[in-house]
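Text of the file final-v5.cif, holding mmCIF, C-alpha atoms:
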```cif
data_start
loop_
_atom_site.group_PDB
_atom_site.id
_atom_site.type_symbol
_atom_site.label_atom_id
_atom_site.label_comp_id
_atom_site.auth_asym_id
_atom_site.auth_seq_id
_atom_site.Cartn_x
_atom_site.Cartn_y
_atom_site.Cartn_z
ATOM 1 C CA MET P 1 17.450 10.548 -16.070
ATOM 2 C CA ASP P 2 16.276 8.973 -12.808
ATOM 3 C CA ARG P 3 12.507 8.413 -13.083
ATOM 4 C CA LEU P 4 11.858 9.153 -9.389
ATOM 5 C CA LEU P 5 13.633 12.518 -9.694
ATOM 6 C CA LEU P 6 11.458 13.413 -12.705
ATOM 7 C CA MET P 7 8.317 12.272 -10.923
ATOM 8 C CA ARG P 8 9.148 14.342 -7.853
ATOM 9 C CA SER P 9 9.651 17.468 -9.973
ATOM 10 C CA PHE P 10 6.390 16.870 -11.850
ATOM 11 C CA VAL P 11 4.338 16.231 -8.688
ATOM 12 C CA THR P 12 5.709 19.401 -7.101
ATOM 13 C CA VAL P 13 4.789 21.427 -10.204
ATOM 14 C CA ALA P 14 1.304 19.901 -10.105
ATOM 15 C CA ASP P 15 0.924 20.826 -6.424
ATOM 16 C CA VAL P 16 2.047 24.480 -6.663
ATOM 17 C CA GLY P 17 0.996 25.253 -10.247
ATOM 18 C CA SER P 18 4.269 26.748 -11.504
ATOM 19 C CA PHE P 19 7.827 25.812 -12.377
ATOM 20 C CA SER P 20 9.313 28.653 -10.310
ATOM 21 C CA GLY P 21 7.298 27.713 -7.210
ATOM 22 C CA ALA P 22 8.292 24.088 -7.564
ATOM 23 C CA ALA P 23 11.922 25.118 -7.996
ATOM 24 C CA LYS P 24 11.878 26.967 -4.666
ATOM 25 C CA LEU P 25 10.488 23.951 -2.830
ATOM 26 C CA LEU P 26 13.022 21.668 -4.487
ATOM 27 C CA SER P 27 15.966 24.080 -4.017
ATOM 28 C CA SER P 28 16.501 23.966 -7.757
ATOM 29 C CA SER P 29 15.979 26.272 -10.752
ATOM 30 C CA GLY P 30 12.829 26.777 -12.802
ATOM 31 C CA SER P 31 14.597 25.828 -16.012
ATOM 32 C CA LEU P 32 15.854 22.561 -14.535
ATOM 33 C CA VAL P 33 12.420 21.646 -13.184
ATOM 34 C CA SER P 34 10.939 22.412 -16.611
ATOM 35 C CA ARG P 35 13.495 20.122 -18.253
ATOM 36 C CA HIS P 36 12.604 17.352 -15.755
ATOM 37 C CA VAL P 37 8.928 17.578 -16.681
ATOM 38 C CA ALA P 38 9.747 17.651 -20.399
ATOM 39 C CA GLU P 39 11.931 14.546 -20.013
ATOM 40 C CA LEU P 40 9.173 12.748 -18.109
ATOM 41 C CA GLU P 41 6.742 13.600 -20.917
ATOM 42 C CA ARG P 42 9.235 12.237 -23.441
ATOM 43 C CA GLN P 43 9.686 8.973 -21.522
ATOM 44 C CA ILE P 44 5.935 8.442 -21.105
ATOM 45 C CA GLY P 45 5.122 9.654 -24.607
ATOM 46 C CA VAL P 46 2.296 12.037 -23.690
ATOM 47 C CA ARG P 47 1.947 15.714 -22.738
ATOM 48 C CA LEU P 48 1.331 16.150 -19.014
ATOM 49 C CA VAL P 49 1.178 19.953 -18.631
ATOM 50 C CA ASN P 50 -0.130 22.915 -20.559
ATOM 51 C CA ARG P 51 2.482 25.652 -20.555
ATOM 52 C CA THR P 52 1.692 29.341 -21.048
ATOM 53 C CA ALA P 53 3.746 32.409 -20.346
ATOM 54 C CA ARG P 54 1.880 32.996 -17.083
ATOM 55 C CA SER P 55 0.671 29.654 -15.819
ATOM 56 C CA VAL P 56 0.971 25.878 -15.875
ATOM 57 C CA SER P 57 -2.019 23.535 -15.873
ATOM 58 C CA LEU P 58 -2.304 19.776 -16.081
ATOM 59 C CA THR P 59 -3.687 17.902 -19.054
ATOM 60 C CA GLY P 60 -6.129 15.037 -18.588
ATOM 61 C CA PRO P 61 -3.311 12.441 -18.585
ATOM 62 C CA GLY P 62 -1.303 14.838 -16.393
ATOM 63 C CA LEU P 63 -4.011 14.836 -13.699
ATOM 64 C CA ARG P 64 -4.077 11.053 -13.676
ATOM 65 C CA TYR P 65 -0.291 10.715 -13.649
ATOM 66 C CA ALA P 66 0.103 13.336 -10.896
ATOM 67 C CA GLU P 67 -2.218 11.297 -8.647
ATOM 68 C CA PHE P 68 -0.355 8.077 -9.471
ATOM 69 C CA ALA P 69 3.121 9.580 -9.039
ATOM 70 C CA GLY P 70 2.154 11.291 -5.785
ATOM 71 C CA ARG P 71 0.898 8.003 -4.373
ATOM 72 C CA ILE P 72 4.080 6.193 -5.410
ATOM 73 C CA LEU P 73 6.326 8.836 -3.852
ATOM 74 C CA GLN P 74 4.335 8.764 -0.597
ATOM 75 C CA GLU P 75 4.609 4.992 -0.410
ATOM 76 C CA ILE P 76 8.358 5.146 -0.984
ATOM 77 C CA GLU P 77 8.795 7.746 1.750
ATOM 78 C CA ALA P 78 6.617 5.751 4.153
ATOM 79 C CA GLU P 79 8.574 2.544 3.493
ATOM 80 C CA ASP P 80 11.898 4.364 3.866
ATOM 81 C CA SER P 81 10.716 5.713 7.210
ATOM 82 C CA GLU P 82 9.474 2.307 8.358
ATOM 83 C CA ILE P 83 12.741 0.602 7.439
ATOM 84 C CA ALA P 84 14.752 3.317 9.191
ATOM 85 C CA HIS P 85 12.677 2.993 12.350
ATOM 86 C CA LEU P 86 12.880 -0.804 12.230
ATOM 87 C CA HIS P 87 16.657 -0.453 12.253
ATOM 88 C CA ASP P 88 16.317 1.463 15.521
ATOM 89 C CA ARG P 89 13.827 -0.914 17.182
ATOM 90 C CA ALA P 90 14.558 -4.168 18.972
ATOM 91 C CA GLU P 91 12.207 -6.290 16.874
ATOM 92 C CA GLY P 92 12.104 -8.384 13.734
ATOM 93 C CA SER P 93 14.048 -11.525 12.841
ATOM 94 C CA LEU P 94 17.499 -12.288 14.280
ATOM 95 C CA ASN P 95 19.477 -15.097 12.643
ATOM 96 C CA ILE P 96 22.289 -16.649 14.689
ATOM 97 C CA ILE P 97 24.801 -19.424 13.989
ATOM 98 C CA CYS P 98 27.554 -21.003 16.065
ATOM 99 C CA PRO P 99 29.589 -24.207 16.383
ATOM 100 C CA LYS P 100 27.615 -27.141 17.811
ATOM 101 C CA TRP P 101 29.555 -27.431 21.029
ATOM 102 C CA ILE P 102 28.999 -23.782 22.001
ATOM 103 C CA GLY P 103 25.308 -23.709 21.167
ATOM 104 C CA SER P 104 24.531 -26.863 23.121
ATOM 105 C CA LEU P 105 26.105 -25.444 26.282
ATOM 106 C CA ASP P 106 26.044 -21.970 27.872
ATOM 107 C CA LEU P 107 25.159 -20.042 24.750
ATOM 108 C CA GLY P 108 21.985 -21.994 24.060
ATOM 109 C CA GLU P 109 20.665 -21.223 27.534
ATOM 110 C CA ALA P 110 21.579 -17.535 27.231
ATOM 111 C CA ILE P 111 19.830 -17.196 23.852
ATOM 112 C CA ALA P 112 16.720 -18.921 25.196
ATOM 113 C CA ALA P 113 16.641 -16.381 28.051
ATOM 114 C CA PHE P 114 17.012 -13.536 25.551
ATOM 115 C CA SER P 115 14.147 -14.841 23.429
ATOM 116 C CA ALA P 116 11.875 -14.963 26.474
ATOM 117 C CA ALA P 117 12.843 -11.398 27.444
ATOM 118 C CA HIS P 118 12.345 -10.012 23.905
ATOM 119 C CA PRO P 119 9.305 -11.694 22.336
ATOM 120 C CA LYS P 120 9.156 -9.160 19.470
ATOM 121 C CA ILE P 121 12.412 -10.590 18.109
ATOM 122 C CA GLN P 122 12.008 -13.863 16.199
ATOM 123 C CA ILE P 123 15.076 -16.045 16.752
ATOM 124 C CA ARG P 124 16.558 -18.459 14.222
ATOM 125 C CA PHE P 125 19.397 -20.293 15.956
ATOM 126 C CA GLU P 126 21.434 -22.867 14.008
ATOM 127 C CA LEU P 127 24.273 -25.025 15.273
ATOM 128 C CA GLY P 128 27.080 -26.202 13.020
ATOM 129 C CA GLY P 129 27.606 -25.774 9.304
ATOM 130 C CA MET P 130 30.035 -22.880 9.734
ATOM 131 C CA SER P 131 32.686 -22.058 7.156
ATOM 132 C CA ASP P 132 36.351 -21.439 7.925
ATOM 133 C CA ARG P 133 35.914 -17.994 6.367
ATOM 134 C CA THR P 134 34.645 -15.756 9.140
ATOM 135 C CA TYR P 135 32.400 -13.590 6.949
ATOM 136 C CA ASP P 136 30.529 -16.398 5.161
ATOM 137 C CA PHE P 137 27.750 -16.329 7.752
ATOM 138 C CA LEU P 138 26.646 -12.968 6.302
ATOM 139 C CA ASP P 139 26.291 -14.438 2.810
ATOM 140 C CA SER P 140 24.212 -17.263 4.320
ATOM 141 C CA GLY P 141 21.695 -14.812 5.790
ATOM 142 C CA PHE P 142 22.863 -14.789 9.416
ATOM 143 C CA ASP P 143 23.153 -11.629 11.493
ATOM 144 C CA VAL P 144 25.466 -12.906 14.230
ATOM 145 C CA ALA P 145 27.972 -15.771 14.496
ATOM 146 C CA PHE P 146 29.937 -16.989 17.495
ATOM 147 C CA HIS P 147 33.534 -18.192 17.753
ATOM 148 C CA THR P 148 35.986 -19.044 20.507
ATOM 149 C CA ARG P 149 39.146 -18.119 18.655
ATOM 150 C CA ASP P 150 40.747 -14.722 18.158
ATOM 151 C CA LEU P 151 39.745 -13.204 14.839
ATOM 152 C CA ARG P 152 41.470 -10.601 12.703
ATOM 153 C CA ASP P 153 39.107 -9.829 9.844
ATOM 154 C CA SER P 154 38.159 -6.285 8.864
ATOM 155 C CA SER P 155 35.117 -7.557 6.946
ATOM 156 C CA VAL P 156 33.256 -8.182 10.226
ATOM 157 C CA ARG P 157 32.858 -6.555 13.635
ATOM 158 C CA LEU P 158 33.634 -8.386 16.857
ATOM 159 C CA LYS P 159 32.518 -8.212 20.499
ATOM 160 C CA LYS P 160 33.814 -10.358 23.347
ATOM 161 C CA ILE P 161 30.838 -11.759 25.236
ATOM 162 C CA ALA P 162 32.491 -13.866 27.944
ATOM 163 C CA SER P 163 35.338 -16.133 28.932
ATOM 164 C CA LEU P 164 34.598 -19.868 29.052
ATOM 165 C CA PRO P 165 36.675 -21.771 31.628
ATOM 166 C CA PHE P 166 37.993 -25.220 30.730
ATOM 167 C CA VAL P 167 39.331 -27.952 32.981
ATOM 168 C CA LEU P 168 41.700 -30.897 32.519
ATOM 169 C CA CYS P 169 40.166 -33.892 34.235
ATOM 170 C CA ALA P 170 39.716 -37.651 34.457
ATOM 171 C CA SER P 171 37.735 -40.126 36.544
ATOM 172 C CA ALA P 172 39.041 -41.603 39.785
ATOM 173 C CA GLY P 173 38.790 -45.059 38.226
ATOM 174 C CA TYR P 174 41.020 -44.099 35.313
ATOM 175 C CA LEU P 175 43.599 -42.512 37.607
ATOM 176 C CA GLU P 176 43.672 -45.568 39.884
ATOM 177 C CA GLU P 177 44.393 -47.800 36.913
ATOM 178 C CA HIS P 178 46.774 -45.587 34.944
ATOM 179 C CA GLY P 179 48.266 -43.292 37.566
ATOM 180 C CA THR P 180 47.831 -39.567 38.013
ATOM 181 C CA LEU P 181 49.238 -36.840 35.794
ATOM 182 C CA GLU P 182 52.394 -35.360 37.339
ATOM 183 C CA HIS P 183 53.481 -33.119 34.456
ATOM 184 C CA PRO P 184 51.920 -31.975 31.163
ATOM 185 C CA ASN P 185 54.495 -34.013 29.253
ATOM 186 C CA ASP P 186 53.005 -37.136 30.843
ATOM 187 C CA LEU P 187 49.997 -36.714 28.537
ATOM 188 C CA ALA P 188 51.996 -38.631 25.929
ATOM 189 C CA SER P 189 51.668 -41.811 27.988
ATOM 190 C CA HIS P 190 47.970 -41.434 28.848
ATOM 191 C CA ASP P 191 44.780 -42.202 26.977
ATOM 192 C CA CYS P 192 43.259 -38.889 25.911
ATOM 193 C CA LEU P 193 39.796 -37.860 24.812
ATOM 194 C CA ILE P 194 39.858 -35.071 22.248
ATOM 195 C CA HIS P 195 37.434 -32.846 20.428
ATOM 196 C CA VAL P 196 38.071 -33.213 16.689
ATOM 197 C CA ASN P 197 38.553 -29.430 16.400
ATOM 198 C CA ASP P 198 40.881 -29.243 19.399
ATOM 199 C CA PRO P 199 43.782 -31.699 18.862
ATOM 200 C CA VAL P 200 46.379 -29.437 20.536
ATOM 201 C CA TRP P 201 46.025 -28.633 24.246
ATOM 202 C CA ARG P 202 47.493 -25.597 25.957
ATOM 203 C CA ILE P 203 48.375 -26.250 29.600
ATOM 204 C CA GLY P 204 49.234 -23.429 32.014
ATOM 205 C CA HIS P 205 48.981 -19.652 31.702
ATOM 206 C CA GLY P 206 51.115 -16.908 30.194
ATOM 207 C CA HIS P 207 54.778 -17.559 29.450
ATOM 208 C CA ALA P 208 54.671 -20.752 31.498
ATOM 209 C CA SER P 209 52.055 -22.340 29.236
ATOM 210 C CA THR P 210 52.964 -25.205 26.923
ATOM 211 C CA LEU P 211 51.304 -26.704 23.863
ATOM 212 C CA HIS P 212 50.766 -30.447 23.598
ATOM 213 C CA LYS P 213 49.653 -32.187 20.417
ATOM 214 C CA ILE P 214 47.671 -35.173 21.567
ATOM 215 C CA ARG P 215 48.846 -38.343 19.841
ATOM 216 C CA ASN P 216 47.470 -41.082 22.109
ATOM 217 C CA VAL P 217 43.818 -40.557 21.197
ATOM 218 C CA ALA P 218 41.570 -43.135 22.855
ATOM 219 C CA PHE P 219 38.280 -41.431 22.005
ATOM 220 C CA SER P 220 37.425 -38.484 19.759
ATOM 221 C CA SER P 221 34.181 -36.643 19.090
ATOM 222 C CA ASN P 222 32.780 -33.345 17.834
ATOM 223 C CA SER P 223 30.716 -33.155 21.056
ATOM 224 C CA TYR P 224 32.181 -32.144 24.418
ATOM 225 C CA LEU P 225 29.178 -33.780 26.103
ATOM 226 C CA ALA P 226 30.146 -37.111 24.544
ATOM 227 C CA LEU P 227 33.749 -36.624 25.691
ATOM 228 C CA GLN P 228 32.519 -35.845 29.195
ATOM 229 C CA LYS P 229 30.549 -39.098 29.329
ATOM 230 C CA ALA P 230 33.563 -41.038 28.088
ATOM 231 C CA ALA P 231 35.711 -39.422 30.786
ATOM 232 C CA VAL P 232 33.193 -40.322 33.514
ATOM 233 C CA HIS P 233 33.307 -43.930 32.261
ATOM 234 C CA GLY P 234 37.071 -43.949 32.789
ATOM 235 C CA ARG P 235 38.156 -43.908 29.147
ATOM 236 C CA GLY P 236 40.888 -41.302 29.594
ATOM 237 C CA ILE P 237 41.896 -37.699 30.256
ATOM 238 C CA ALA P 238 39.739 -34.949 28.788
ATOM 239 C CA LEU P 239 39.926 -31.168 28.369
ATOM 240 C CA LEU P 240 36.339 -30.040 28.951
ATOM 241 C CA PRO P 241 34.275 -26.863 29.291
ATOM 242 C CA GLN P 242 33.814 -26.389 33.030
ATOM 243 C CA ARG P 243 30.114 -25.464 33.137
ATOM 244 C CA PRO P 244 28.662 -28.741 31.789
ATOM 245 C CA ALA P 245 31.289 -30.735 33.714
ATOM 246 C CA TYR P 246 30.603 -28.877 36.982
ATOM 247 C CA ASP P 247 28.273 -31.433 38.614
ATOM 248 C CA ASP P 248 30.633 -34.318 37.820
ATOM 249 C CA LEU P 249 33.562 -32.350 39.222
ATOM 250 C CA VAL P 250 31.700 -31.512 42.420
ATOM 251 C CA SER P 251 30.471 -35.065 42.921
ATOM 252 C CA GLY P 252 33.940 -36.516 42.335
ATOM 253 C CA ALA P 253 32.939 -38.415 39.197
ATOM 254 C CA LEU P 254 35.700 -36.352 37.550
ATOM 255 C CA GLN P 255 38.838 -35.012 39.192
ATOM 256 C CA VAL P 256 40.805 -31.908 38.244
ATOM 257 C CA LEU P 257 44.348 -32.623 37.018
ATOM 258 C CA LEU P 258 47.370 -30.338 37.370
ATOM 259 C CA PRO P 259 45.407 -27.749 39.398
ATOM 260 C CA GLU P 260 48.572 -25.747 39.990
ATOM 261 C CA LEU P 261 48.859 -25.118 36.234
ATOM 262 C CA ALA P 262 45.222 -25.106 35.105
ATOM 263 C CA VAL P 263 44.281 -24.366 31.499
ATOM 264 C CA PRO P 264 43.443 -21.057 29.809
ATOM 265 C CA ASP P 265 39.871 -19.878 29.396
ATOM 266 C CA ARG P 266 38.437 -19.693 25.895
ATOM 267 C CA PRO P 267 37.075 -16.316 24.727
ATOM 268 C CA LEU P 268 33.515 -16.282 23.423
ATOM 269 C CA TYR P 269 33.244 -13.768 20.574
ATOM 270 C CA ALA P 270 30.182 -12.560 18.695
ATOM 271 C CA ILE P 271 30.870 -11.392 15.144
ATOM 272 C CA TYR P 272 28.450 -9.385 13.032
ATOM 273 C CA GLY P 273 28.355 -7.291 9.892
ATOM 274 C CA PRO P 274 30.323 -4.092 9.316
ATOM 275 C CA GLY P 275 28.786 -0.647 9.103
ATOM 276 C CA GLN P 276 28.673 2.594 11.025
ATOM 277 C CA GLU P 277 25.313 1.824 12.666
ATOM 278 C CA THR P 278 24.529 -1.608 14.075
ATOM 279 C CA PRO P 279 20.816 -2.524 14.070
ATOM 280 C CA ARG P 280 19.224 -2.052 17.466
ATOM 281 C CA LYS P 281 18.146 -5.698 17.711
ATOM 282 C CA ILE P 282 21.799 -6.789 17.464
ATOM 283 C CA THR P 283 23.123 -4.332 20.063
ATOM 284 C CA VAL P 284 20.304 -5.313 22.456
ATOM 285 C CA PHE P 285 21.097 -8.995 21.864
ATOM 286 C CA LEU P 286 24.844 -8.650 22.452
ATOM 287 C CA ASP P 287 24.356 -6.477 25.543
ATOM 288 C CA PHE P 288 21.916 -9.036 26.953
ATOM 289 C CA LEU P 289 24.310 -11.949 26.408
ATOM 290 C CA THR P 290 27.240 -10.073 27.937
ATOM 291 C CA ARG P 291 25.112 -9.291 30.982
ATOM 292 C CA TRP P 292 23.768 -12.876 31.168
ATOM 293 C CA PHE P 293 27.230 -14.414 31.333
ATOM 294 C CA SER P 294 28.291 -11.829 33.910
ATOM 295 C CA GLU P 295 25.232 -12.567 36.090
ATOM 296 C CA ASN P 296 25.542 -16.355 35.674
ATOM 297 C CA PRO P 297 29.179 -17.091 36.516
ATOM 298 C CA ILE P 298 30.416 -20.650 36.706
ATOM 299 C CA PRO P 299 31.049 -21.562 40.384
ATOM 300 C CA ALA P 300 34.648 -22.174 41.312
ATOM 301 C CA ILE P 301 35.808 -25.778 41.587
ATOM 302 C CA SER P 302 37.729 -26.801 44.685
ATOM 303 C CA ARG P 303 41.113 -27.895 43.408
#
```
What would the structure in this file look like if it were written as structure tokens?
Amino acid sequence: MDRLLLMRSFVTVADVGSFSGAAKLLSSSGSLVSRHVAELERQIGVRLVNRTARSVSLTGPGLRYAEFAGRILQEIEAEDSEIAHLHDRAEGSLNIICPKWIGSLDLGEAIAAFSAAHPKIQIRFELGGMSDRTYDFLDSGFDVAFHTRDLRDSSVRLKKIASLPFVLCASAGYLEEHGTLEHPNDLASHDCLIHVNDPVWRIGHGHASTLHKIRNVAFSSNSYLALQKAAVHGRGIALLPQRPAYDDLVSGALQVLLPELAVPDRPLYAIYGPGQETPRKITVFLDFLTRWFSENPIPAISR
């Protein structure tokens, strides 16, 4: 039998002084409570109560064990309550992971702002090291992971945080030397700068969009910032996140290509563990990030 159940029955008997009184408090029967106490005595190997036809009293070991068991049960109830309340409070540790390129751009700034606004939450924010299996972040001790691809996995929950605009661009120097891009198919004859996780580019929106596997790779990297620098130096055409490239686009260091077609935005998704009730710290975090991206839009680029 469950030791905690036996202890609870015994402590209640000790408090009220009878099996029938304890049974009422426990919504049980006197005979069942008596069996619980007898089983506890058997497991411990010592008599805890003196039974008579009219009363129940504790033995010497029973007095000691009643004090011990009562303290243990109170500590368990207090810890249960504390854990339950912690679930409902925006505090404690929050472990986050995302691909390197996302964390080093918009998301890193947003999380830093969240940490400043919620000092009772201790942030652990790691970039890279993510598995192809969407739920592995949970096994690695993370609460939230971020992706920019659509996910269909019932083992996790998902919330769209924002849309990240991208832009197809190149430097004026490159375009003067190699000619401008007239059509997406012309990419095949141009030097291209690709992210190692993004070798296929989608150009245009909706049914008019086309996919282009980049074969003429002049420069590749797992960092969009490195690709941006290579583009500014005239190495080729790049597909870049618009926010970090914004200053170069405004200054003219980079020029937008095929503005009449543009390129689709990338969705930024937060994924987190399943369950009916999400911890308060996670809901506060996701709400903050959604609001941050809404209040910090990327300015439009004149095309």
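Here the question is which of P:Leu187, P:Leu257, P:Leu164, P:Val37 gets nearest to Thr210 in chain P using only C-alpha atoms, and that residue is P:Leu187.
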* Asked: Using the chain letters and numbers from the file, which residues does the PyMOL selection byres ((chain P and resi 12) around 9) grab, as a list in words?
  ->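 After applying the PyMOL selection byres ((chain P and resi 12) around 9), what remains is Met7, Arg8, Ser9, Phe10, Val11, Val13, Ala14, Asp15, Val16, Gly17, Ser18, Phe19, Gly21, Ala22, Ala23, Leu25, Leu26 and Gly70 of chain P.
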May I have the centre and edge lengths, in Å to one decimal, of an axis-aligned box around the listed atoms of range 174-190 of chain P with 5 Å added to every side, as JSON?
```
{"center_x": 47.8, "center_y": -39.9, "center_z": 32.9, "size_x": 23.5, "size_y": 25.8, "size_z": 24.0}
```
* **Residues matched by the PyMOL selection byres ((chain P and resi 36) around 8) as JSON, numbers by chain** => {"P": [5, 6, 9, 10, 32, 33, 34, 35, 37, 38, 39, 40]}
Got time to write the residues from that selection, C-alpha atoms, as a PDB file, keeping the file's coordinate frame?
```pdb
ATOM      1  CA  LEU P   5      13.633  12.518  -9.694  1.00  0.00           C
ATOM      2  CA  LEU P   6      11.458  13.413 -12.705  1.00  0.00           C
ATOM      3  CA  SER P   9       9.651  17.468  -9.973  1.00  0.00           C
ATOM      4  CA  PHE P  10       6.390  16.870 -11.850  1.00  0.00           C
ATOM      5  CA  LEU P  32      15.854  22.561 -14.535  1.00  0.00           C
ATOM      6  CA  VAL P  33      12.420  21.646 -13.184  1.00  0.00           C
ATOM      7  CA  SER P  34      10.939  22.412 -16.611  1.00  0.00           C
ATOM      8  CA  ARG P  35      13.495  20.122 -18.253  1.00  0.00           C
ATOM      9  CA  VAL P  37       8.928  17.578 -16.681  1.00  0.00           C
ATOM     10  CA  ALA P  38       9.747  17.651 -20.399  1.00  0.00           C
ATOM     11  CA  GLU P  39      11.931  14.546 -20.013  1.00  0.00           C
ATOM     12  CA  LEU P  40       9.173  12.748 -18.109  1.00  0.00           C
TER      13      LEU P  40
END
```
* Give me the result of the PyMOL selection byres ((chain P and resi 196) around 8) on this file, residue by residue, as a list in words. =>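 Evaluating the PyMOL selection byres ((chain P and resi 196) around 8) on these coordinates yields Ile194, His195, Asn197, Asp198, Pro199, Ser220, Ser221 and Asn222 of chain P.
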* Kindly give the distance, in Å, that separates CA of Ile121 in chain P and CA of Asn95 in chain P, rounded to a single decimal. =>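 Taking CA of Ile121 in chain P and CA of Asn95 in chain P, their separation equals 10.0 Å.
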* To do: Measuring atom to atom with all atoms listed in the file, identify which of P:Ala172, P:Cys98, P:Leu181, P:Ala90 is nearest to His147 in chain P.
  =>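 Nearest candidate to His147 in chain P out of P:Ala172, P:Cys98, P:Leu181, P:Ala90: P:Cys98.
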* Asked: Which residue, P:Lys229, P:Arg266, P:Arg235, P:Arg124, has the smallest gap to Glu177 in chain P when you use all atoms listed in the file?
  ->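 Checking each of P:Lys229, P:Arg266, P:Arg235, P:Arg124 against Glu177 in chain P, counting all atoms listed in the file, the winner is P:Arg235.
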* Structure fact -> Students should find that CA of Pro184 in chain P and CA of Ser251 in chain P are spaced 24.7 Å
* Asked: Between P:Gln255, P:Ser163, P:Ser189, P:Ser140, which has the minimum distance to Leu107 in chain P (counting all atoms listed in the file)?
  ->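 Using all atoms listed in the file, Leu107 in chain P sits closest to P:Ser163.
The interatomic distance for the pair CA of Lys159 in chain P and CA of Arg280 in chain P works out to 15.0 Å.
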* To do: Would you mind listing what lies within 7 Å of range 287-289 of chain P as a ChimeraX atom specification, with all atoms listed in the file counted and same-chain residues fewer than 2 positions away left out?
  => /P:110,114,161,283-285,291-293
* Determine the nearest neighbour of His207 in chain P from the options P:Pro119, P:Leu261, P:Tyr65, P:Leu158, counting all atoms listed in the file. =>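 Closest candidate: P:Leu261.
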* Asked: When distances are computed from all atoms listed in the file, which of P:Lys120, P:Arg202, P:Lys213, P:His233 shows the smallest separation from Gly173 in chain P?
  -> P:His233
* Counting all atoms listed in the file, what is within 6 Å of Ala170 in chain P, bar same-chain residues fewer than 3 positions away, as a list of chain:residue names? -> P:Ala231, P:Ile237, P:Leu254, P:Gln255
* To do: Write out as a VMD selection string the residues lying within 12 Å of Ala230 in chain P, counting only C-alpha atoms and excluding same-chain residues fewer than 2 positions away.
  => chain P and resid 169 to 171 174 191 to 195 218 to 221 223 to 228 232 to 240 245 253 to 254
* Counting only C-alpha atoms, select every polymer residue within 10 Å of (-4.2, 15.9, -18.8) as defined in the file's coordinates, and provide the selection as a list in words. =>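 Protein and nucleic acid residues near the point are Val46, Arg47, Leu48, Val49, Asn50, Ser57, Leu58, Thr59, Gly60, Pro61, Gly62, Leu63, Arg64, Tyr65 and Ala66 of chain P.
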